[in-house]
Structures are given as structure tokens and as C-alpha cells.
Amino acid sequence: MTWLRNIANWLDSRLGLWAPVRDMATHRVPRRSASFFYVFGSAAFVLFILQIVTGILLAFVYVPTGADAWNSLQALNHGVWLGWFLRAIHGWGADFMVAVVLLHLCQVFLFGAYKFPRELNWVIGVCLLLLTLGMAFTGQVLRFDQDAYWGLGIGASIVGRVPFVGAVLVHLLLGGPMINGATLSRFFTLHVFVIPALLIGLVGLHLLLVLKLGINEWPMPGRVVRRETYLREYEEELRKDSIPFVPDAIWKDMVFAAAIVLAVMACAALFGPFGPRGIPDPTIIQTVPQPDFFFLWLYALLALLPPQMETPVLLVAPIFVIGAFLLLPFVAGEGEKSWRRRPVAVLSMLLIAVSLASLTSLANRTPWSPVMDAWSGDPVPRPDLQGRSPLELRGALVFQDEQCRNCHSLGGVGGQRGPALDAVATTLTQDQLIRQVLQGGGNMPAYGKNLTPPEVTALVAFLETLHPVGELPARNASQKEMENAAPLPPQSVR
Amino acid sequence: MLLAVMMLASTVACNNLPGRPAPVSDVLRPSQQTDFAALYAQNCAACHGPRGEGGAAIALAGPLYLATVSDQVLRSVTTDGIPGTPMPAFGQSAGGTLTVQQIAALVDGIRKWVPAGAAEGVRPPSYVAGVPGEAKRGAIVYQSFCSSCHGPGGDGGKAAGSIVDPSFLALVSDQGLRTTVIFGRPELGAPDWRGDVPGHPMTDQEVSDVVAWMAAHRVPYPGQPYPSGAGKSLQGGER
């Protein structure tokens, strides 16, 4: 084995790498910082490497042309040994990477690690987050299926709203006036060359700064960062209470990174690759295109924004949000680091997290878009049919045939664009039901011109049966008088 | 050797992983879908019931129904719908979304719900009216076979609702009425042609007559004006 060592020595005598690498590996970190809270950065790095390796392997087979991209993914899924698994790892790796990068951001934010002297590293980190999201978006486009097609369409329409230069930007983004092979070439180049190069460069810088400035110490309430004294205090802590990164601190990073990689592989094995879903053909309208997980919140936000708010929110909000992120360390570069003493920081982070989570869960249900198959696919619940007259049964059929079900659920099944109608008869009288059907209103189309009088009669007869057993339907005053009924229980008549 | 065994084992294991995409995933164009279960669930289940057992519209899976109705009828009704009723036209030729192959797959699948010979030995009245009906005779047929449930005048009784309501009659075809009288709506408690009066199956003639009687209750302007005057000023146009 001496010859091996000789070769190594020869190489090192020429390259001189061993000493700096050893110094880097054994640099000292505050003992309390060697914690499981400080492992997200290294896990993101490991995932990045995983993405590079699987990405290169995928590129061996993937054909970045409009005509063949989709087919080459099919070939990977079905023709290449474990090709599907490779795709699945790359896809899940992307999801995990976005998640871990976000966790890393939260941890850095909560632990005040962006404060003096680490401002620049925070700025670089924000850029890395944006680049990671850029990778996620361009990667989704490379699938070149329906989701990609519509995702691009939405992206292009956002860009198209930029004043003055919008049209030019769209042309630049899509490589022409429409989404086609040229678009794919652009996104391939971005995904494979441009963004990864930037990522690699910035990741290097990011790590360099971590080494140079040292890892953030464990924040203690009351230990305030001051520009004049911080560096001295940090040195002091390193001298008194620190351990070498290798081997004493690194094992936690390794354990966590291994767990994450295993989780990626498990997800890949269990849930498989993403898509490709239907071929990208705008003439197929029976599709519910959905962006990938990390953009779902945006999709929900776009769907929920009132139209006149869209342009300001889409164009102005990102500038403010990104601006706020970049300025943060310069505005709050000193002071308390501990999250216990920073209620505003903790609350604003919770607020953002809760909003993103609820938007994401909304996007999974898409209550704003009609369910296109509900009218012919979702059976009228059996209890709504039992004991009904022939006219009411026809009304249920008209309800389905006129696609009311696409927006209105019965028994929890159907669209959610309009309110569920299971108990509509308890709140609306016959008159009000007829009026609602004929005139629509509040996002519901008016059906007056599309329904014949018998259809309306049957439909309303059916709607009037929709009330829970034992709860009386709403009546209007004249109906009450005519029937001279016993006093009805209090009920809401709108 | 060991390596080879491991490779083999991992190949077998990997081919069975749940994440492996199925050979035919959801990448079909909707018009290429010819799987009966998927087609039926997407297009017909809402009205005819998840397994054709009947929903708001009549059952398609009844053994006697399937023994009587022809493929030709199943195909043409699915393609062109039944005008004036909520049975929509599904064929691309009639503005729907289904191709000729898909409709053939549907008809084929509906047939396979019931094993051949399931209705051996039973002879329902013919599906298509063989003899013209007469409303006057139908009134008498109605009294003997139907009034026990639908009431003396047909406008609703203890066990069942009105079958002479003009709006109902405007939304149902004569064939639809005939199919109902012959095969009933067992899932809703409506008897077939043998069950109206036990031991007295209806004849072809009686079915035609009672259908003619119901059809005679159609009026020129059904459903107008809306009850309690609502929407008088909003009256919708004719389609």
C-alpha cells in the first residue's frame, strides 16, 4: 500500500490541498451549536449533490425537443431499467430540497443568524432560495406535459403583465410567441446550465463565508449582538467552549442528511415519479392542470385574487417581499438573537407559514373551479332519491344534466364553486329558489334562457326536497297563509 | 455469483415497488379511453347509479331489461340522447365527447353486467310498442293496475307521486314511460309489469294503453306560470 501513499504524497506536494482541507474540516464550532437545529444547511447541500448526480443521469436519456421530450420520459418510465426510480428520486429530491431550504431559512431567521457579521451570507442564502425555486419551476417545465404547458402559460401571462416590456419578455421567455420546442430549449438550458452554474458558485461562496465567519452561536436571551463587541465575544466563546467540526460535530449532519436521502428514496419507491401526465395539447380541455407542490400556494392565490388585484399583487408584491428579505439583516443587524425575545419575528413567521399552508391545502381542493365530470359522474345520493315523486326525480336529473353538480355538491360530492345544496330548502323558499335558478347571481350563471318552464319546475321541486330529515323547509308568508299551517319553528329566510 | 443473485433479487424487488408507474398510466387522451369501468363511472354513473342499479334515472343493469333491449337501442340512445329529456347525447356525431369505439365499449360493458341467459323463461312485453295504445282504454288499465299506488286520478297516492304532472310528462319520453311500466323501478319500490297486480302480468296491449293514457295528460304549456307567481316577469325562453 505504500505506493498508494506515495502517489497521494506526490499529488499533495504538487496541489497542496491536504492542509487547507484538514483545517477546514477541523475548524472549531461553538459546542452548543453542534445541535440538530443546525443540520438543515448541510442536508440541503447533500440534496443538491443528489440532484446533480441524478440530473446528469437523466440527461443521458432525456431529449430536450418539443417532439420527443414527453416520449423520452415515457421511455425512462417504462423502457430503461429503474429509469422510473431515477426520475422519482430527482422529482422527490426537488420537493425535499425546497422544503429543507425553507426549513434552513426559518431556522436561520429564528436563531438570528442573519445578524452582524453574517448579513452577506443571508443575502446569498435568499438568492439560493430563489435559484432553488427557479430550478423547481424549470424542472417542472422539462416534463413538457399538460401541467408544464399550463404552468408555462400562467408564468407567461404573469410576465406579460409587466408594463411596457411585457410582450418582449414573454417572447424572450417562451422563445417565440407561443409555447413550443424553442420554449423547451430555453428551459432546458436554464435548468441544466445557467441556474446550476449560479447555484454552484453561490453555494461555494455561502460555504466559504460560513467557514470564514464561523457558525452562528446558540442564541441566548439577553446576549445582544453589538457591532463593536460581537467578533470578540465570538472568539471568546470558541476559545472557551468549542469542538472541532470533524469528527465531533459532523455526525449529526451526517445522520440527518442520511435520513433525508433515505426519505427521498422511500418516497420515490412508494409514490413513484411525477408524471408525465397528459401530452401537452391545448385542445384537450378535460384536464385539471396543477403546478408542483411548492407552487400550489401561488396557484391558489392567483385563483382567489379578485381580477383587478392581480396585476398589482403579481408584479409589485414580489418586489416588496424579496426586497424585505434582502434588507432584513441591514435593518435588524443588531440586537437580540433569541427567538424568545423576538415576538414580532416569531409571529410574522407563523403568519407566513399558516398562510402558505392554508393556500396550499386550498389548492389541493380547488374549490373555485367547477368539477367538470360531476354532472355525469357523481351519483345523486340515494337518500335524496328515496320517496321522491316522479317530478322530483326528474328534477334531480335536470340538476345533473344542467351541470349544477359541477359547482354544487350533494352529500359532500361535487363541485365547491357554489355552496353545498344538501339543506338549501331550509334557507330558501320556493320563490327564492326559482329566482336563483332563473337569475343566477354572485358567480352563478343565470339559467333563465337555458331552461324550459317544466325543467325549472322539476328542478325547484327537487331542490325543495333538500332538507335534513325532521327540519322543515323554508316557506314564504303567502305559502304559510295558504296552508294555514301551525306556527313553524324559527328559521332563517333570506 | 453473489453479485448476480443480488442483482436479480433487486430487479425483482424493484419491479414490484408500489411507485413503479403502471404500464398504462393516466396519459391516455380522454378520447382513447376504452375501459368500460372508467367510461361508465365518468359518464353515466351520476344518473343511472354507480353500477347501473338505477339512480335518478332508470336502471340499466336489470337482467330483464338487458334481455329485452337491443344493442342498437343502447347504442343509438347513448349516441344521440333522448331529445326533450335529461338523457344527453354522448356521441361526437351529436355534439358529445364519446367516440364510436367508446360507445361500443359502453354497450359491451353494460351487456356484460348480466350473464347470458339470466332472464331465461321470462317473457316481458316487447320493448318497442308492438300495438298502438289508446288512452281511453288506458284509463281503465290505470285504475286496475296503478291507482292503488299512484292514486285514483294518477296525481299521487299513498305509495307514490303524481305521474300525470304536466312538467314531469314534458321531461319524459313515451318510450321512457313504457320502459318504466314494463321494468319498474325496483330500487324505488315501483313494480314491474308482473307486480302491479300480483298474479296478473300486464299484456303488451295494456302497457301501450296506459302509456297512451299518461301521454294524453301532456299540456301545451307545461310548468307555466311558475307556482305562487314567482318569476312571472323572469319567465325563461323556450330552448
# chains A, B, ... in the order shown; residues from 1 in each chain; ligands from 1
call {"tool": "interface_residues", "arguments": {"of": "chain A", "to": "chain B", "cutoff": "7 Å", "atoms": "only C-alpha atoms", "output": "PyMOL selection string"}}
result
chain A and resi 77+84+268-272+277-279+373+375-380+385-386+389-391+393-394+396-398+401+431+434-435+438+448-454+457-458
call {"tool": "residues_around", "arguments": {"residues": "Leu120 in chain A", "least_positions_apart": "3", "cutoff": "9 Å", "atoms": "only C-alpha atoms", "output": "PyMOL selection string"}}
result
chain A and resi 114+117+123-125+206+209+329
call {"tool": "write_last_selection", "arguments": {"atoms": "N, CA and C atoms", "output": "PDB file, in the first residue's frame"}}
result
ATOM      1  N   TYR A 114     -28.771  35.754  10.817  1.00  0.00           N
ATOM      2  CA  TYR A 114     -28.528  36.680   9.709  1.00  0.00           C
ATOM      3  C   TYR A 114     -27.915  37.992  10.212  1.00  0.00           C
ATOM      4  N   PRO A 117     -22.073  39.422  11.982  1.00  0.00           N
ATOM      5  CA  PRO A 117     -21.496  39.901  10.711  1.00  0.00           C
ATOM      6  C   PRO A 117     -21.916  39.051   9.521  1.00  0.00           C
ATOM      7  N   VAL A 123     -27.998  37.285   2.475  1.00  0.00           N
ATOM      8  CA  VAL A 123     -28.378  37.749   1.135  1.00  0.00           C
ATOM      9  C   VAL A 123     -28.104  36.645   0.116  1.00  0.00           C
ATOM     10  N   ILE A 124     -26.938  36.029   0.232  1.00  0.00           N
ATOM     11  CA  ILE A 124     -26.630  34.929  -0.677  1.00  0.00           C
ATOM     12  C   ILE A 124     -27.649  33.805  -0.496  1.00  0.00           C
ATOM     13  N   GLY A 125     -28.013  33.545   0.751  1.00  0.00           N
ATOM     14  CA  GLY A 125     -28.986  32.488   1.028  1.00  0.00           C
ATOM     15  C   GLY A 125     -30.317  32.771   0.361  1.00  0.00           C
ATOM     16  N   HIS A 206     -21.263  30.720  -0.206  1.00  0.00           N
ATOM     17  CA  HIS A 206     -22.037  30.560   1.018  1.00  0.00           C
ATOM     18  C   HIS A 206     -21.222  29.760   2.044  1.00  0.00           C
ATOM     19  N   LEU A 209     -18.152  31.616   3.332  1.00  0.00           N
ATOM     20  CA  LEU A 209     -18.475  32.606   4.356  1.00  0.00           C
ATOM     21  C   LEU A 209     -18.766  31.938   5.696  1.00  0.00           C
ATOM     22  N   PRO A 329     -31.287  41.874   7.156  1.00  0.00           N
ATOM     23  CA  PRO A 329     -30.105  41.925   8.026  1.00  0.00           C
ATOM     24  C   PRO A 329     -29.555  43.329   8.185  1.00  0.00           C
TER      25      PRO A 329
END
call {"tool": "select_by_dssp", "arguments": {"residues": "range 176-372 of chain A", "states": "strand (DSSP E or B)", "output": "list in words"}}
result
Val224, Val225, Ser242, Ile243, Pro244, Gly335 and Glu336 of chain A
call {"tool": "write_last_selection", "arguments": {"atoms": "N, CA, C and O atoms", "output": "PDB file, in the first residue's frame"}}
result
ATOM      1  N   VAL A 224     -26.905  40.172  23.539  1.00  0.00           N
ATOM      2  CA  VAL A 224     -27.258  41.094  22.461  1.00  0.00           C
ATOM      3  C   VAL A 224     -26.088  41.261  21.498  1.00  0.00           C
ATOM      4  O   VAL A 224     -24.936  41.343  21.925  1.00  0.00           O
ATOM      5  N   VAL A 225     -26.400  41.263  20.202  1.00  0.00           N
ATOM      6  CA  VAL A 225     -25.347  41.469  19.205  1.00  0.00           C
ATOM      7  C   VAL A 225     -25.036  42.959  19.099  1.00  0.00           C
ATOM      8  O   VAL A 225     -25.931  43.773  18.864  1.00  0.00           O
ATOM      9  N   SER A 242     -15.685  24.996  22.673  1.00  0.00           N
ATOM     10  CA  SER A 242     -15.935  24.630  21.274  1.00  0.00           C
ATOM     11  C   SER A 242     -15.398  23.252  20.981  1.00  0.00           C
ATOM     12  O   SER A 242     -14.618  22.699  21.753  1.00  0.00           O
ATOM     13  N   ILE A 243     -15.811  22.691  19.868  1.00  0.00           N
ATOM     14  CA  ILE A 243     -15.352  21.359  19.456  1.00  0.00           C
ATOM     15  C   ILE A 243     -14.986  21.424  17.985  1.00  0.00           C
ATOM     16  O   ILE A 243     -15.464  22.301  17.266  1.00  0.00           O
ATOM     17  N   PRO A 244     -14.128  20.514  17.523  1.00  0.00           N
ATOM     18  CA  PRO A 244     -13.810  20.501  16.087  1.00  0.00           C
ATOM     19  C   PRO A 244     -15.007  19.967  15.299  1.00  0.00           C
ATOM     20  O   PRO A 244     -15.698  19.057  15.743  1.00  0.00           O
ATOM     21  N   GLY A 335     -28.829  43.453  17.995  1.00  0.00           N
ATOM     22  CA  GLY A 335     -29.886  43.191  18.970  1.00  0.00           C
ATOM     23  C   GLY A 335     -29.991  41.730  19.361  1.00  0.00           C
ATOM     24  O   GLY A 335     -29.069  40.933  19.153  1.00  0.00           O
ATOM     25  N   GLU A 336     -31.138  41.388  19.923  1.00  0.00           N
ATOM     26  CA  GLU A 336     -31.370  40.042  20.429  1.00  0.00           C
ATOM     27  C   GLU A 336     -31.340  39.017  19.306  1.00  0.00           C
ATOM     28  O   GLU A 336     -31.851  39.252  18.224  1.00  0.00           O
TER      29      GLU A 336
END
call {"tool": "residues_around", "arguments": {"residues": "Phe37 in chain A", "least_positions_apart": "3", "cutoff": "10 Å", "atoms": "only C-alpha atoms", "output": "list of chain:residue names"}}
result
A:Ser33, A:Ala34, A:Phe40, A:Gly41, A:Leu103, A:His104, A:Gln107, A:Val108, A:Phe111, A:Trp218, A:Lys252, A:Asp253
call {"tool": "write_last_selection", "arguments": {"atoms": "N, CA, C and O atoms", "output": "tab-separated table (two decimals), in the first residue's frame"}}
result
chain	number	residue	atom	x	y	z
A	33	SER	N	-23.66	24.86	19.37
A	33	SER	CA	-24.18	24.96	18.01
A	33	SER	C	-24.16	23.62	17.29
A	33	SER	O	-24.78	23.47	16.24
A	34	ALA	N	-23.40	22.67	17.81
A	34	ALA	CA	-23.39	21.35	17.20
A	34	ALA	C	-24.67	20.65	17.60
A	34	ALA	O	-24.67	19.68	18.34
A	40	PHE	N	-29.81	21.72	8.78
A	40	PHE	CA	-30.57	21.86	7.54
A	40	PHE	C	-29.71	22.31	6.37
A	40	PHE	O	-29.91	21.89	5.24
A	41	GLY	N	-28.74	23.18	6.67
A	41	GLY	CA	-27.89	23.67	5.59
A	41	GLY	C	-27.13	22.52	4.94
A	41	GLY	O	-27.13	22.38	3.72
A	103	LEU	N	-36.78	25.20	5.50
A	103	LEU	CA	-36.52	24.96	6.92
A	103	LEU	C	-35.26	25.67	7.37
A	103	LEU	O	-35.21	26.29	8.45
A	104	HIS	N	-34.23	25.58	6.53
A	104	HIS	CA	-32.96	26.21	6.83
A	104	HIS	C	-33.17	27.71	7.01
A	104	HIS	O	-32.69	28.31	7.96
A	107	GLN	N	-34.90	28.42	10.27
A	107	GLN	CA	-34.02	28.25	11.42
A	107	GLN	C	-33.06	29.44	11.53
A	107	GLN	O	-32.89	30.02	12.60
A	108	VAL	N	-32.49	29.83	10.39
A	108	VAL	CA	-31.55	30.96	10.40
A	108	VAL	C	-32.26	32.22	10.87
A	108	VAL	O	-31.73	33.00	11.65
A	111	PHE	N	-33.09	31.95	14.68
A	111	PHE	CA	-31.93	31.96	15.56
A	111	PHE	C	-31.09	33.22	15.35
A	111	PHE	O	-29.98	33.33	15.85
A	218	TRP	N	-25.17	29.51	19.64
A	218	TRP	CA	-26.53	29.24	20.13
A	218	TRP	C	-27.08	30.52	20.76
A	218	TRP	O	-26.44	31.08	21.66
A	252	LYS	N	-23.91	14.60	13.47
A	252	LYS	CA	-25.33	14.96	13.46
A	252	LYS	C	-25.78	15.35	12.06
A	252	LYS	O	-26.86	14.96	11.60
A	253	ASP	N	-24.92	16.14	11.38
A	253	ASP	CA	-25.25	16.49	9.99
A	253	ASP	C	-25.39	15.24	9.14
A	253	ASP	O	-26.29	15.12	8.31
call {"tool": "closest_residue", "arguments": {"among": "A:Gly151, A:Pro196, A:Gly201, A:Gly275", "to": "Ile56 in chain A", "atoms": "only C-alpha atoms"}}
result
A:Pro196
call {"tool": "residues_around", "arguments": {"residues": "Thr311 in chain A", "least_positions_apart": "5", "cutoff": "8 Å", "atoms": "only C-alpha atoms", "output": "list in words"}}
result
Ile158, Arg161 and Val316 of chain A
call {"tool": "write_last_selection", "arguments": {"atoms": "C-alpha atoms", "output": "mmCIF file, in the first residue's frame"}}
result
data_model
loop_
_atom_site.group_PDB
_atom_site.id
_atom_site.type_symbol
_atom_site.label_atom_id
_atom_site.label_comp_id
_atom_site.auth_asym_id
_atom_site.auth_seq_id
_atom_site.Cartn_x
_atom_site.Cartn_y
_atom_site.Cartn_z
ATOM 1 C CA ILE A 158 -47.693 36.890 -15.303
ATOM 2 C CA ARG A 161 -48.365 41.996 -17.336
ATOM 3 C CA VAL A 316 -45.438 44.648 -7.002
#
call {"tool": "select_by_dssp", "arguments": {"residues": "range 242-309 of chain A", "states": "helix (DSSP H, G or I)", "output": "number ranges by chain"}}
result
A: 245-271, 293-304, 307-309
call {"tool": "closest_residue", "arguments": {"among": "B:Pro186, B:Gly52, B:Gly121, B:Gly199", "to": "Gly109 in chain B", "atoms": "only C-alpha atoms"}}
result
B:Gly52
call {"tool": "residues_around", "arguments": {"residues": "range 415-426 of chain A", "least_positions_apart": "3", "cutoff": "7 Å", "atoms": "only C-alpha atoms", "output": "PDB file with N, CA and C atoms, in the first residue's frame"}}
result
ATOM      1  N   PRO A 367     -61.533  24.557  -4.669  1.00  0.00           N
ATOM      2  CA  PRO A 367     -62.969  24.772  -4.589  1.00  0.00           C
ATOM      3  C   PRO A 367     -63.464  25.818  -5.586  1.00  0.00           C
ATOM      4  N   TRP A 368     -62.547  26.586  -6.181  1.00  0.00           N
ATOM      5  CA  TRP A 368     -63.008  27.659  -7.064  1.00  0.00           C
ATOM      6  C   TRP A 368     -63.274  27.163  -8.472  1.00  0.00           C
ATOM      7  N   SER A 369     -62.764  26.008  -8.834  1.00  0.00           N
ATOM      8  CA  SER A 369     -63.022  25.609 -10.215  1.00  0.00           C
ATOM      9  C   SER A 369     -64.051  24.484 -10.229  1.00  0.00           C
ATOM     10  N   PRO A 370     -64.981  24.554 -11.158  1.00  0.00           N
ATOM     11  CA  PRO A 370     -66.014  23.528 -11.225  1.00  0.00           C
ATOM     12  C   PRO A 370     -65.396  22.154 -11.469  1.00  0.00           C
ATOM     13  N   VAL A 371     -66.057  21.114 -11.002  1.00  0.00           N
ATOM     14  CA  VAL A 371     -65.618  19.747 -11.271  1.00  0.00           C
ATOM     15  C   VAL A 371     -66.293  19.306 -12.561  1.00  0.00           C
ATOM     16  N   ALA A 374     -68.595  16.099 -12.728  1.00  0.00           N
ATOM     17  CA  ALA A 374     -69.529  15.803 -11.639  1.00  0.00           C
ATOM     18  C   ALA A 374     -70.936  15.531 -12.169  1.00  0.00           C
ATOM     19  N   ARG A 405     -74.326  20.263 -10.642  1.00  0.00           N
ATOM     20  CA  ARG A 405     -73.470  19.491  -9.743  1.00  0.00           C
ATOM     21  C   ARG A 405     -72.006  19.892  -9.863  1.00  0.00           C
ATOM     22  N   ASN A 406     -71.623  20.407 -11.038  1.00  0.00           N
ATOM     23  CA  ASN A 406     -70.220  20.775 -11.219  1.00  0.00           C
ATOM     24  C   ASN A 406     -69.795  21.869 -10.240  1.00  0.00           C
ATOM     25  N   CYS A 407     -70.776  22.661  -9.790  1.00  0.00           N
ATOM     26  CA  CYS A 407     -70.458  23.737  -8.843  1.00  0.00           C
ATOM     27  C   CYS A 407     -71.037  23.484  -7.459  1.00  0.00           C
ATOM     28  N   HIS A 408     -72.029  22.608  -7.374  1.00  0.00           N
ATOM     29  CA  HIS A 408     -72.723  22.420  -6.095  1.00  0.00           C
ATOM     30  C   HIS A 408     -72.614  20.957  -5.679  1.00  0.00           C
ATOM     31  N   SER A 409     -72.164  20.725  -4.462  1.00  0.00           N
ATOM     32  CA  SER A 409     -72.053  19.334  -4.028  1.00  0.00           C
ATOM     33  C   SER A 409     -73.345  18.871  -3.372  1.00  0.00           C
ATOM     34  N   LEU A 410     -73.565  17.569  -3.434  1.00  0.00           N
ATOM     35  CA  LEU A 410     -74.621  16.907  -2.668  1.00  0.00           C
ATOM     36  C   LEU A 410     -73.945  15.773  -1.929  1.00  0.00           C
ATOM     37  N   GLY A 411     -74.265  15.608  -0.676  1.00  0.00           N
ATOM     38  CA  GLY A 411     -73.629  14.538   0.105  1.00  0.00           C
ATOM     39  C   GLY A 411     -72.114  14.647   0.077  1.00  0.00           C
ATOM     40  N   THR A 429     -86.862  29.845   0.101  1.00  0.00           N
ATOM     41  CA  THR A 429     -88.228  29.451  -0.214  1.00  0.00           C
ATOM     42  C   THR A 429     -88.316  29.115  -1.695  1.00  0.00           C
ATOM     43  N   LEU A 463     -85.107  20.681  -5.591  1.00  0.00           N
ATOM     44  CA  LEU A 463     -84.363  21.476  -4.602  1.00  0.00           C
ATOM     45  C   LEU A 463     -85.161  21.619  -3.307  1.00  0.00           C
ATOM     46  N   GLU A 464     -86.493  21.685  -3.451  1.00  0.00           N
ATOM     47  CA  GLU A 464     -87.314  21.837  -2.246  1.00  0.00           C
ATOM     48  C   GLU A 464     -87.284  20.599  -1.356  1.00  0.00           C
ATOM     49  N   THR A 465     -86.858  19.472  -1.912  1.00  0.00           N
ATOM     50  CA  THR A 465     -86.774  18.276  -1.067  1.00  0.00           C
ATOM     51  C   THR A 465     -85.468  18.223  -0.282  1.00  0.00           C
ATOM     52  N   LEU A 466     -84.562  19.156  -0.560  1.00  0.00           N
ATOM     53  CA  LEU A 466     -83.233  19.058   0.040  1.00  0.00           C
ATOM     54  C   LEU A 466     -83.204  19.715   1.414  1.00  0.00           C
ATOM     55  N   HIS A 467     -83.665  19.002   2.389  1.00  0.00           N
ATOM     56  CA  HIS A 467     -83.546  19.468   3.768  1.00  0.00           C
ATOM     57  C   HIS A 467     -83.391  18.248   4.652  1.00  0.00           C
ATOM     58  N   PRO A 468     -82.641  18.403   5.741  1.00  0.00           N
ATOM     59  CA  PRO A 468     -82.414  17.259   6.627  1.00  0.00           C
ATOM     60  C   PRO A 468     -83.741  16.723   7.149  1.00  0.00           C
ATOM     61  N   LEU A 472     -87.928  21.438   8.844  1.00  0.00           N
ATOM     62  CA  LEU A 472     -88.924  21.873   7.870  1.00  0.00           C
ATOM     63  C   LEU A 472     -88.298  22.789   6.829  1.00  0.00           C
ATOM     64  N   PRO A 473     -88.772  22.704   5.595  1.00  0.00           N
ATOM     65  CA  PRO A 473     -88.272  23.615   4.569  1.00  0.00           C
ATOM     66  C   PRO A 473     -88.759  25.040   4.827  1.00  0.00           C
ATOM     67  N   ALA A 474     -88.040  25.989   4.262  1.00  0.00           N
ATOM     68  CA  ALA A 474     -88.426  27.390   4.414  1.00  0.00           C
ATOM     69  C   ALA A 474     -89.686  27.662   3.610  1.00  0.00           C
TER      70      ALA A 474
END
call {"tool": "residues_around", "arguments": {"residues": "Glu206 in chain B", "least_positions_apart": "5", "cutoff": "9 Å", "atoms": "only C-alpha atoms", "output": "PDB file with N, CA, C and O atoms, in the first residue's frame"}}
result
ATOM      1  N   GLY B 133    -101.399   2.240 -28.638  1.00  0.00           N
ATOM      2  CA  GLY B 133    -102.191   2.314 -27.416  1.00  0.00           C
ATOM      3  C   GLY B 133    -103.366   3.251 -27.587  1.00  0.00           C
ATOM      4  O   GLY B 133    -103.411   4.059 -28.523  1.00  0.00           O
ATOM      5  N   ARG B 137    -108.882   3.315 -23.219  1.00  0.00           N
ATOM      6  CA  ARG B 137    -108.708   2.008 -22.590  1.00  0.00           C
ATOM      7  C   ARG B 137    -107.673   2.106 -21.481  1.00  0.00           C
ATOM      8  O   ARG B 137    -107.767   1.456 -20.444  1.00  0.00           O
ATOM      9  N   GLY B 138    -106.667   2.961 -21.713  1.00  0.00           N
ATOM     10  CA  GLY B 138    -105.594   3.130 -20.736  1.00  0.00           C
ATOM     11  C   GLY B 138    -106.114   3.578 -19.379  1.00  0.00           C
ATOM     12  O   GLY B 138    -105.572   3.184 -18.337  1.00  0.00           O
ATOM     13  N   VAL B 141    -107.132   0.545 -17.635  1.00  0.00           N
ATOM     14  CA  VAL B 141    -105.930  -0.196 -17.240  1.00  0.00           C
ATOM     15  C   VAL B 141    -105.310   0.475 -16.013  1.00  0.00           C
ATOM     16  O   VAL B 141    -104.935  -0.190 -15.047  1.00  0.00           O
ATOM     17  N   TYR B 142    -105.247   1.811 -16.088  1.00  0.00           N
ATOM     18  CA  TYR B 142    -104.658   2.544 -14.967  1.00  0.00           C
ATOM     19  C   TYR B 142    -105.377   2.214 -13.673  1.00  0.00           C
ATOM     20  O   TYR B 142    -104.744   1.920 -12.649  1.00  0.00           O
ATOM     21  N   VAL B 211     -99.628   3.790 -21.240  1.00  0.00           N
ATOM     22  CA  VAL B 211     -98.682   4.828 -21.662  1.00  0.00           C
ATOM     23  C   VAL B 211     -99.427   5.906 -22.456  1.00  0.00           C
ATOM     24  O   VAL B 211     -99.221   7.111 -22.239  1.00  0.00           O
TER      25      VAL B 211
END
call {"tool": "residues_around", "arguments": {"residues": "Phe293 in chain A", "least_positions_apart": "4", "cutoff": "9 Å", "atoms": "only C-alpha atoms", "output": "ChimeraX atom specification"}}
result
/A:95,297,360
